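J.: Contents of my_file_21.cif (mmCIF, C-alpha atoms; chains and numbers go by the auth columns) are below:
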```
data_upload
loop_
_atom_site.group_PDB
_atom_site.id
_atom_site.type_symbol
_atom_site.label_atom_id
_atom_site.label_comp_id
_atom_site.label_asym_id
_atom_site.label_seq_id
_atom_site.Cartn_x
_atom_site.Cartn_y
_atom_site.Cartn_z
_atom_site.B_iso_or_equiv
_atom_site.auth_seq_id
_atom_site.auth_asym_id
ATOM 1 C CA MET A 1 0.000 0.000 0.000 0.00 1 A
ATOM 2 C CA ASN A 2 1.252 3.415 -0.909 0.00 2 A
ATOM 3 C CA LYS A 3 1.146 5.892 2.006 0.00 3 A
ATOM 4 C CA LEU A 4 0.761 8.980 -0.150 0.00 4 A
ATOM 5 C CA LEU A 5 -1.961 7.322 -2.230 0.00 5 A
ATOM 6 C CA LEU A 6 -3.936 6.521 0.916 0.00 6 A
ATOM 7 C CA GLU A 7 -3.652 10.114 2.124 0.00 7 A
ATOM 8 C CA SER A 8 -4.648 11.404 -1.326 0.00 8 A
ATOM 9 C CA ILE A 9 -7.692 9.127 -1.412 0.00 9 A
ATOM 10 C CA LYS A 10 -8.749 10.294 2.053 0.00 10 A
ATOM 11 C CA ILE A 11 -8.661 13.947 0.970 0.00 11 A
ATOM 12 C CA ALA A 12 -10.428 13.111 -2.305 0.00 12 A
ATOM 13 C CA MET A 13 -13.193 11.310 -0.421 0.00 13 A
ATOM 14 C CA VAL A 14 -13.826 14.440 1.668 0.00 14 A
ATOM 15 C CA TYR A 15 -14.403 16.262 -1.615 0.00 15 A
ATOM 16 C CA TYR A 16 -16.692 13.565 -3.049 0.00 16 A
ATOM 17 C CA ARG A 17 -18.574 13.238 0.222 0.00 17 A
ATOM 18 C CA ASN A 18 -19.553 16.878 -0.275 0.00 18 A
ATOM 19 C CA LYS A 19 -20.195 16.495 -4.034 0.00 19 A
ATOM 20 C CA PRO A 20 -21.420 12.897 -4.596 0.00 20 A
ATOM 21 C CA GLU A 21 -23.094 13.909 -7.855 0.00 21 A
ATOM 22 C CA ASP A 22 -19.829 15.174 -9.457 0.00 22 A
ATOM 23 C CA LYS A 23 -19.640 13.835 -13.029 0.00 23 A
ATOM 24 C CA GLY A 24 -15.885 13.226 -12.764 0.00 24 A
ATOM 25 C CA LEU A 25 -16.252 10.822 -9.851 0.00 25 A
ATOM 26 C CA LYS A 26 -16.319 7.664 -11.983 0.00 26 A
ATOM 27 C CA GLU A 27 -13.050 8.378 -13.791 0.00 27 A
ATOM 28 C CA VAL A 28 -11.290 9.481 -10.615 0.00 28 A
ATOM 29 C CA ILE A 29 -12.361 6.328 -8.768 0.00 29 A
ATOM 30 C CA LEU A 30 -11.265 4.097 -11.647 0.00 30 A
ATOM 31 C CA ALA A 31 -7.879 5.840 -11.660 0.00 31 A
ATOM 32 C CA ALA A 32 -7.589 5.453 -7.872 0.00 32 A
ATOM 33 C CA LYS A 33 -8.354 1.720 -8.166 0.00 33 A
ATOM 34 C CA THR A 34 -5.706 1.327 -10.852 0.00 34 A
ATOM 35 C CA SER A 35 -3.222 3.252 -8.702 0.00 35 A
ATOM 36 C CA ILE A 36 -3.910 0.939 -5.757 0.00 36 A
ATOM 37 C CA ILE A 37 -3.521 -2.171 -7.889 0.00 37 A
ATOM 38 C CA ILE A 38 -0.193 -1.137 -9.383 0.00 38 A
ATOM 39 C CA GLY A 39 1.002 0.852 -6.361 0.00 39 A
ATOM 40 C CA ASP A 40 1.582 4.100 -8.212 0.00 40 A
ATOM 41 C CA ASN A 41 -0.033 7.387 -7.156 0.00 41 A
ATOM 42 C CA ILE A 42 0.722 9.118 -10.479 0.00 42 A
ATOM 43 C CA ILE A 43 -2.234 7.586 -12.353 0.00 43 A
ATOM 44 C CA PHE A 44 -4.622 8.912 -9.715 0.00 44 A
ATOM 45 C CA LEU A 45 -3.012 12.356 -9.681 0.00 45 A
ATOM 46 C CA ASN A 46 -3.004 12.568 -13.490 0.00 46 A
ATOM 47 C CA ALA A 47 -6.734 11.706 -13.565 0.00 47 A
ATOM 48 C CA LEU A 48 -7.368 14.629 -11.259 0.00 48 A
ATOM 49 C CA LYS A 49 -5.228 16.878 -13.447 0.00 49 A
ATOM 50 C CA LYS A 50 -7.225 16.330 -16.623 0.00 50 A
ATOM 51 C CA ASN A 51 -10.658 15.299 -15.391 0.00 51 A
ATOM 52 C CA SER A 52 -12.536 18.496 -14.589 0.00 52 A
ATOM 53 C CA PRO A 53 -12.004 21.937 -13.116 0.00 53 A
ATOM 54 C CA GLU A 54 -13.296 20.578 -9.793 0.00 54 A
ATOM 55 C CA ALA A 55 -10.901 17.634 -9.880 0.00 55 A
ATOM 56 C CA PHE A 56 -8.056 19.972 -10.754 0.00 56 A
ATOM 57 C CA ARG A 57 -8.939 22.081 -7.706 0.00 57 A
ATOM 58 C CA LEU A 58 -8.891 18.862 -5.680 0.00 58 A
ATOM 59 C CA LEU A 59 -5.376 18.181 -7.003 0.00 59 A
ATOM 60 C CA GLU A 60 -4.359 21.688 -5.908 0.00 60 A
ATOM 61 C CA THR A 61 -5.822 20.947 -2.454 0.00 61 A
ATOM 62 C CA LEU A 62 -3.777 17.748 -2.323 0.00 62 A
ATOM 63 C CA LYS A 63 -0.624 19.661 -3.261 0.00 63 A
ATOM 64 C CA LYS A 64 -1.309 22.228 -0.550 0.00 64 A
ATOM 65 C CA ASN A 65 -2.110 19.681 2.183 0.00 65 A
ATOM 66 C CA LEU A 66 0.372 17.010 1.132 0.00 66 A
ATOM 67 C CA PRO A 67 3.597 18.671 -0.039 0.00 67 A
ATOM 68 C CA GLU A 68 4.824 15.226 -1.066 0.00 68 A
ATOM 69 C CA VAL A 69 2.293 15.248 -3.920 0.00 69 A
ATOM 70 C CA SER A 70 4.161 18.054 -5.677 0.00 70 A
ATOM 71 C CA LYS A 71 7.436 16.194 -5.237 0.00 71 A
ATOM 72 C CA GLU A 72 5.976 12.898 -6.381 0.00 72 A
ATOM 73 C CA ILE A 73 4.653 14.364 -9.603 0.00 73 A
ATOM 74 C CA SER A 74 8.247 15.064 -10.561 0.00 74 A
ATOM 75 C CA LEU A 75 10.052 12.247 -8.721 0.00 75 A
ATOM 76 C CA ASN A 76 7.445 9.459 -8.813 0.00 76 A
ATOM 77 C CA LYS A 77 8.775 8.042 -5.533 0.00 77 A
ATOM 78 C CA ASP A 78 6.852 7.206 -2.404 0.00 78 A
ATOM 79 C CA LEU A 79 6.859 5.260 0.818 0.00 79 A
ATOM 80 C CA ASN A 80 5.260 1.857 0.341 0.00 80 A
ATOM 81 C CA TYR A 81 3.990 -0.543 2.955 0.00 81 A
ATOM 82 C CA SER A 82 3.629 -4.223 2.336 0.00 82 A
ATOM 83 C CA GLY A 83 2.158 -7.174 4.150 0.00 83 A
ATOM 84 C CA ARG A 84 -1.198 -8.871 4.617 0.00 84 A
ATOM 85 C CA LYS A 85 -2.736 -6.101 6.727 0.00 85 A
ATOM 86 C CA TYR A 86 -2.110 -3.555 4.003 0.00 86 A
ATOM 87 C CA GLN A 87 -3.464 -5.891 1.320 0.00 87 A
ATOM 88 C CA LYS A 88 -6.692 -6.066 3.316 0.00 88 A
ATOM 89 C CA ILE A 89 -6.917 -2.287 3.208 0.00 89 A
ATOM 90 C CA GLU A 90 -6.346 -2.310 -0.552 0.00 90 A
ATOM 91 C CA TYR A 91 -9.084 -4.897 -1.109 0.00 91 A
ATOM 92 C CA PHE A 92 -11.431 -3.026 1.206 0.00 92 A
ATOM 93 C CA ILE A 93 -10.880 0.281 -0.604 0.00 93 A
ATOM 94 C CA CYS A 94 -11.285 -1.320 -4.051 0.00 94 A
ATOM 95 C CA ASP A 95 -14.497 -3.098 -2.955 0.00 95 A
ATOM 96 C CA SER A 96 -15.777 0.198 -1.574 0.00 96 A
ATOM 97 C CA PHE A 97 -14.930 1.918 -4.861 0.00 97 A
ATOM 98 C CA ASN A 98 -16.880 -0.774 -6.740 0.00 98 A
ATOM 99 C CA ILE A 99 -19.905 -0.059 -4.545 0.00 99 A
ATOM 100 C CA MET A 100 -19.501 3.670 -5.192 0.00 100 A
ATOM 101 C CA LEU A 101 -19.325 3.134 -8.954 0.00 101 A
ATOM 102 C CA THR A 102 -22.477 1.009 -8.939 0.00 102 A
ATOM 103 C CA ALA A 103 -24.269 3.545 -6.747 0.00 103 A
ATOM 104 C CA TYR A 104 -23.050 6.404 -8.937 0.00 104 A
ATOM 105 C CA SER A 105 -24.368 4.682 -12.073 0.00 105 A
ATOM 106 C CA SER A 106 -27.745 4.204 -10.352 0.00 106 A
ATOM 107 C CA ASN A 107 -27.871 7.824 -9.141 0.00 107 A
ATOM 108 C CA LYS A 108 -27.809 6.689 -5.501 0.00 108 A
ATOM 109 C CA THR A 109 -25.947 9.731 -4.235 0.00 109 A
ATOM 110 C CA GLY A 110 -26.792 8.859 -0.620 0.00 110 A
ATOM 111 C CA LEU A 111 -24.785 5.662 -0.874 0.00 111 A
ATOM 112 C CA VAL A 112 -21.964 7.449 -2.711 0.00 112 A
ATOM 113 C CA TYR A 113 -21.912 9.992 0.120 0.00 113 A
ATOM 114 C CA ASP A 114 -21.845 7.313 2.842 0.00 114 A
ATOM 115 C CA ILE A 115 -19.062 5.280 1.195 0.00 115 A
ATOM 116 C CA ALA A 116 -17.014 8.437 0.623 0.00 116 A
ATOM 117 C CA ASP A 117 -17.551 9.372 4.276 0.00 117 A
ATOM 118 C CA MET A 118 -16.449 5.897 5.338 0.00 118 A
ATOM 119 C CA LEU A 119 -13.324 6.038 3.159 0.00 119 A
ATOM 120 C CA GLN A 120 -12.319 9.541 4.234 0.00 120 A
ATOM 121 C CA GLY A 121 -12.155 8.173 7.767 0.00 121 A
ATOM 122 C CA ILE A 122 -9.627 5.471 6.923 0.00 122 A
ATOM 123 C CA PRO A 123 -6.804 5.912 9.393 0.00 123 A
ATOM 124 C CA ASP A 124 -3.128 6.224 8.587 0.00 124 A
ATOM 125 C CA LEU A 125 -1.311 3.017 7.740 0.00 125 A
ATOM 126 C CA GLN A 126 0.533 2.927 11.059 0.00 126 A
ATOM 127 C CA TYR A 127 -2.845 2.747 12.805 0.00 127 A
ATOM 128 C CA TRP A 128 -3.573 -0.633 11.229 0.00 128 A
ATOM 129 C CA LYS A 129 -0.795 -2.385 13.121 0.00 129 A
ATOM 130 C CA ALA A 130 -3.120 -3.091 16.071 0.00 130 A
ATOM 131 C CA ALA A 131 -6.182 -5.302 15.612 0.00 131 A
ATOM 132 C CA LYS A 132 -8.001 -3.186 18.224 0.00 132 A
ATOM 133 C CA ASN A 133 -7.685 -0.158 15.954 0.00 133 A
ATOM 134 C CA MET A 134 -9.116 -2.069 13.009 0.00 134 A
ATOM 135 C CA ARG A 135 -12.128 -3.090 15.102 0.00 135 A
ATOM 136 C CA SER A 136 -12.666 0.516 16.180 0.00 136 A
ATOM 137 C CA TYR A 137 -12.647 1.780 12.602 0.00 137 A
ATOM 138 C CA TYR A 138 -15.018 -0.999 11.563 0.00 138 A
ATOM 139 C CA LYS A 139 -17.414 -0.258 14.422 0.00 139 A
ATOM 140 C CA VAL A 140 -17.500 3.522 13.893 0.00 140 A
ATOM 141 C CA TYR A 141 -17.321 3.847 10.086 0.00 141 A
ATOM 142 C CA VAL A 142 -17.981 0.573 8.296 0.00 142 A
ATOM 143 C CA LYS A 143 -20.662 -1.217 10.304 0.00 143 A
ATOM 144 C CA PRO A 144 -23.261 1.601 10.145 0.00 144 A
ATOM 145 C CA VAL A 145 -22.923 1.847 6.348 0.00 145 A
ATOM 146 C CA ALA A 146 -23.000 -1.928 5.905 0.00 146 A
ATOM 147 C CA LYS A 147 -26.109 -2.169 8.057 0.00 147 A
ATOM 148 C CA LYS A 148 -27.887 0.795 6.436 0.00 148 A
ATOM 149 C CA TYR A 149 -27.464 -0.579 2.891 0.00 149 A
ATOM 150 C CA ASN A 150 -27.260 -4.311 3.719 0.00 150 A
ATOM 151 C CA LEU A 151 -23.703 -4.541 2.341 0.00 151 A
ATOM 152 C CA ASP A 152 -21.073 -7.175 2.999 0.00 152 A
ATOM 153 C CA LEU A 153 -18.106 -4.935 3.791 0.00 153 A
ATOM 154 C CA LYS A 154 -15.070 -6.656 5.283 0.00 154 A
ATOM 155 C CA ILE A 155 -11.704 -5.409 6.386 0.00 155 A
#
```
Can you dump the structure from the file as structure tokens?
T.:
Amino acid sequence: MNKLLLESIKIAMVYYRNKPEDKGLKEVILAAKTSIIIGDNIIFLNALKKNSPEAFRLLETLKKNLPEVSKEISLNKDLNYSGRKYQKIEYFICDSFNIMLTAYSSNKTGLVYDIADMLQGIPDLQYWKAAKNMRSYYKVYVKPVAKKYNLDLKI
């Protein structure tokens, strides 16, 4: 899992939580999924760059809040984490993105909002080292969404 990618996704989800109807959401989510799969933040950042004026503003927000984003665009280097716990996070995020894409296609902006809210609350990678922390995140963020929409969300 790429630390900067996770932080970028968290900030992007704050944006999409507030604008779940944004037409650029689908392309940005697909780019984020691809970035997770290959472990490269650049695809996600480039999608923001060319997607829409709103997405470009989101990229500027990322640059302002995560100075590493500006460096990575030129250096394409980042801190990566590996191991089973981080793979679980990757699968969880990708599954959540799939739910968002389906909801987006069906104009279910409430579900898009709730998934974005759940994903923006994903803690930093260091937090995942303790199983207690994973249970806390699940209880506070994931379980209410899963229950509300009858979803099978697992971490």
J.: I'd like the contact shell of region 88-100 of chain A - 10 Å cut-off, all atoms listed in the file, skipping same-chain residues fewer than 3 positions apart - returned as an MDAnalysis selection string.
T.: chainID A and resid 1:2 6 9 20 25:26 29:30 32:34 36:37 39 83:85 103:106 108:109 111:116 118:119 122 125 128 151:155
J.: What is the CA of Ser8 (chain A) to CA of Leu45 (chain A) distance in Å?
T.: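 Those two atoms sit 8.6 Å apart.
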J.: Nearest to Asp117 (chain A) among A:Met134, A:Val145, A:Leu4, A:Ile43, with distances taken over all atoms listed in the file: which residue is it?
T.: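 Smallest distance to Asp117 (chain A) is found for A:Val145.
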J.: Given all atoms listed in the file as the basis, pick out the residue of A:Ala12, A:Leu58, A:Ala146, A:Leu101 nearest to Glu27 (chain A).
T.: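 Ranked by minimum distance to Glu27 (chain A), first place goes to A:Leu101.
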J.: Would you work out the distance separating CA of Lys3 (chain A) from CA of Asp22 (chain A), expressed in Å to one decimal?
T.: 25.6 Å
J.: Please indicate the distance in Å from CA of Leu62 (chain A) to CA of Lys50 (chain A), rounded to one decimal place.
T.: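 Straight-line distance from CA of Leu62 (chain A) to CA of Lys50 (chain A) works out to 14.8 Å.
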J.: Counting all atoms listed in the file, which of A:Pro144, A:Phe44, A:Gln120, A:Gly110 gets nearest to Glu21 (chain A)?
T.: A:Gly110
